[in-house]
Amino acid sequence: MTTKRTILVLFCIVSLRIAAQKQQSQFNDIYHFIENVELFKLNQTEAHTRCFSYNSVKEALNYNKVNSPHAISLNGMWKFNFSNTPEDAPMEFFTHAYNDKKWSLINVPSNWEMQGFGDPLFRNEVHPFQSNPPFVPREYNPTGLYRKSFSVPSNWKGKRIYLRMEKTASASFVWVNGQEVGYNEGAQEPAEYDITEFVNSGKNLLAVKVIKYSDGVYLECQDYWRMAGVFDDVWLYAKPNIQISDWYATTDLDENYRNAELKIEMTINNLSKKNAAGYKIRTSLFDANNTIIESITLENIVINSKDLKHFIQSKKISNPKKWTAETPNLYRLTMELINASGKIEEVVTARIGFKETEIRNQVFYLNGKAIKLNGINTHMQHPDLGHTMDDATIRKDFELFKRFNINCIRISHYPPVTRYLELADEYGFYLIDETGDEAHATEYLCDKTEWEPMYRDRAKRMVMRDRNHASILFWSAGNESGEGKNICAVIDEGRKYDKTRYWMYGGNAFAHSCEDIIGPRYPSPFELKAQIGLVPESVDSRPSLWTNTYRWQEMAVVDWTSIGI
């Protein structure tokens with residue numbers, strides 16, 4: 001009898017401990033996250049341009065992140081479980097002890113609807129459920145559980161380790177080895193986590209819970225197929241404790257648009273426990289043949305422990321080849337962080353183009369010349385892959401566009417995959433990179449103060465990720481999200497991180513007070529002449545971009561005729 005009582009007491013203690021652990025888990029109350037406008041990300045790194053590490057300049061000049069010794073793709077087959085609601089999903093799926101042998105396999109990246117789970121729905125101006133922000137449907141809210149095992153290379157020991165998920169729709173909770181890591185909303189923006197404290201030298205488990213409908217989808221009513229899942233690249237990458245965490249290159253052309261001042265703003269983060277003194281930053285510029293053009297070195301820099309510092313380097317460049325759609329001349333930058341002993345801690349690299357945009361007398365200029373934009377809208381949409389894009393499709397689109405003299409692409413209505421930007425730099429296309437906000441079904445949200453941080457965050461993540469790409473001609477503050485103050489907040493936020501480009505907005509009104517380049521959006525020829533062609537600069541000094549859009553499900557085609565552009 002005593003033994004039975006002892007066993008019963010022990011069972012009760014264990015049960016209470018498990019219950020207490022569950023109670024303490026902040027991820028248990030999912031509605032606190034997915035119906036909370038104030039909580040749209042948790043434990044993420046600061047937004048930044050993507051910069052993987054290389055060991056040397058020679059290695060970096062190959063510019064192939066897949067072959068970087070400090071980056072691992074987690075793309076491929078994952079274990080997957082689908083439920084109609086979050087409540088139907090297994091609770092402890094993120095632990096090592098959980099048995100997933102009966103789970104399905106799913107390819108990452110992909111939308112689960114394209115893999116046989118759930119239902120792909122096309123919607124234009126409405127959601128697939130009754131709009132009631134910030135609330136989401138309880139009776140049907142598809143939920144996907146993902147599990148992936150990975151190992152950390154031995155040469156990553158002592159480094160910071162990051163998990164980067166480029167695009168996940170819509171809300172995602174992340175665990176590593178059973179421990180809560182972070183949370184994200186925003187289907188089209190990257191989410192990145194420092195997982196150094198969660199990984200070990202052996203086998204590790206990454207678990208992700210993705211919920212299709214969160215309050216974030218009220219800014220994702222983007223005239224397209226409504227699908228969910230981890231649909232873009234997933235990366236593990238390592239960096240030294242003292243690291244280049246971000247950089248930003250600008251090219252200021254002189255009054256003759258011949259010579260340039262190249263300015264590099266670099267952020268160095270010291271995540272170690274020691275102050276770092278005697279470090280160097282060496283930035284080098286290479287031409288298309290990998291011949292060095294210029295090199296700049298900052299000597300004897302000091303970064304205190306747990307501190308983050310910004311440094312600026314600049315150099316006059318004599319008559320660099322300019323970047324345009326017709327002449328997509330690219331240069332290679334390498335940025336070396338060198339310690340006091342002369343050892344290279346890491347090298348970061350990317351391609352840049354020399355260009356400058358201006359607005360004068362109602363005219364938009366690139367490198368001192370007025371340009372004509374013959375453009376098209378595009379969605380990241382594939383008939384078999386859904387919202388996942390592959391190189392072959394992007395290249396096929398670009399080659400088709402070139403054949404028909406299309407030189408400008410508006411990304412409707414969210415930032416594209418990073419590979420799209422890299423190839424646009426290379427092929428020569430003017431891109432209008434658009435913030436991922438479209439509150440089409442609930443446009444009044446653009447005047448709601450409590451939604452402003454979410455609007456701003458999406459602009460910040462877009463600009464910080466994409467601002468170093470030559471192909472981006474100017475930015476868009478979103479599409480059909482109303483005409484209120486939060487559109488001004490988007491533009492205000494974006495200007496903090498890039499002062500070299502202008503802003504438009506894809507609203508339905510004739511123009512928005514905060515945009516630099518105005519519509520009108522759907523004008524008649526008479527309205528175009530009366531409201532734009534005959535308006536003097538003293539009344540409105542802004543250039544105009546005339547958009548006339550024809551939609552066929554996920555495809556959007558636009559014939560852009562510009563006045564003053």
# chains A, B, ... in the order shown; residues from 1 in each chain; ligands from 1
call {"tool": "select_by_dssp", "arguments": {"residues": "segment 73-311 of chain A", "states": "strand (DSSP E)", "output": "ChimeraX atom specification"}}
result
/A:73,76-83,104-108,121-123,143-151,160-165,168-169,171-176,179-185,191-194,203-211,224-226,229-230,234-239,242-253,260-270,276-286,292-303,307-311
call {"tool": "residues_around", "arguments": {"residues": "Leu163 of chain A", "least_positions_apart": "2", "cutoff": "9 Å", "atoms": "only C-alpha atoms", "output": "list in words"}}
result
Ile161, Met165, Ala191, Glu192, Tyr193, Asp194, Ile195, Val234, Trp235, Leu236 and Tyr237 of chain A
call {"tool": "write_last_selection", "arguments": {"atoms": "C-alpha atoms", "output": "short mmCIF file (atom, residue, chain, number, x, y, z; two decimals), in the first residue's frame"}}
result
data_model
loop_
_atom_site.label_atom_id
_atom_site.label_comp_id
_atom_site.auth_asym_id
_atom_site.auth_seq_id
_atom_site.Cartn_x
_atom_site.Cartn_y
_atom_site.Cartn_z
CA ILE A 161 25.19 30.69 -34.96
CA MET A 165 14.09 32.06 -42.44
CA ALA A 191 13.09 36.46 -39.65
CA GLU A 192 16.47 35.76 -38.09
CA TYR A 193 17.41 34.36 -34.68
CA ASP A 194 20.67 33.99 -32.76
CA ILE A 195 20.50 30.33 -31.71
CA VAL A 234 16.13 28.50 -44.58
CA TRP A 235 19.75 29.04 -43.58
CA LEU A 236 22.10 28.29 -40.73
CA TYR A 237 25.16 30.48 -40.74
#
call {"tool": "atom_distance", "arguments": {"atom1": "atom CA of Val174 of chain A", "atom2": "atom CA of Phe82 of chain A"}}
result
16.4 Å
call {"tool": "residues_around", "arguments": {"residues": "Arg419 of chain A", "least_positions_apart": "2", "cutoff": "9 Å", "atoms": "only C-alpha atoms", "output": "PyMOL selection string"}}
result
chain A and resi 389-391+394+416-417+421-424
call {"tool": "select_by_dssp", "arguments": {"residues": "segment 307-488 of chain A", "states": "alpha helix (DSSP H)", "output": "JSON, numbers by chain"}}
result
{"A": [391, 392, 393, 394, 395, 396, 397, 398, 399, 400, 401, 402, 403, 418, 419, 420, 421, 422, 423, 424, 425, 426, 427, 452, 453, 454, 455, 456, 457, 458, 459, 460, 461, 462, 463, 464, 465, 466, 485, 486, 487, 488]}
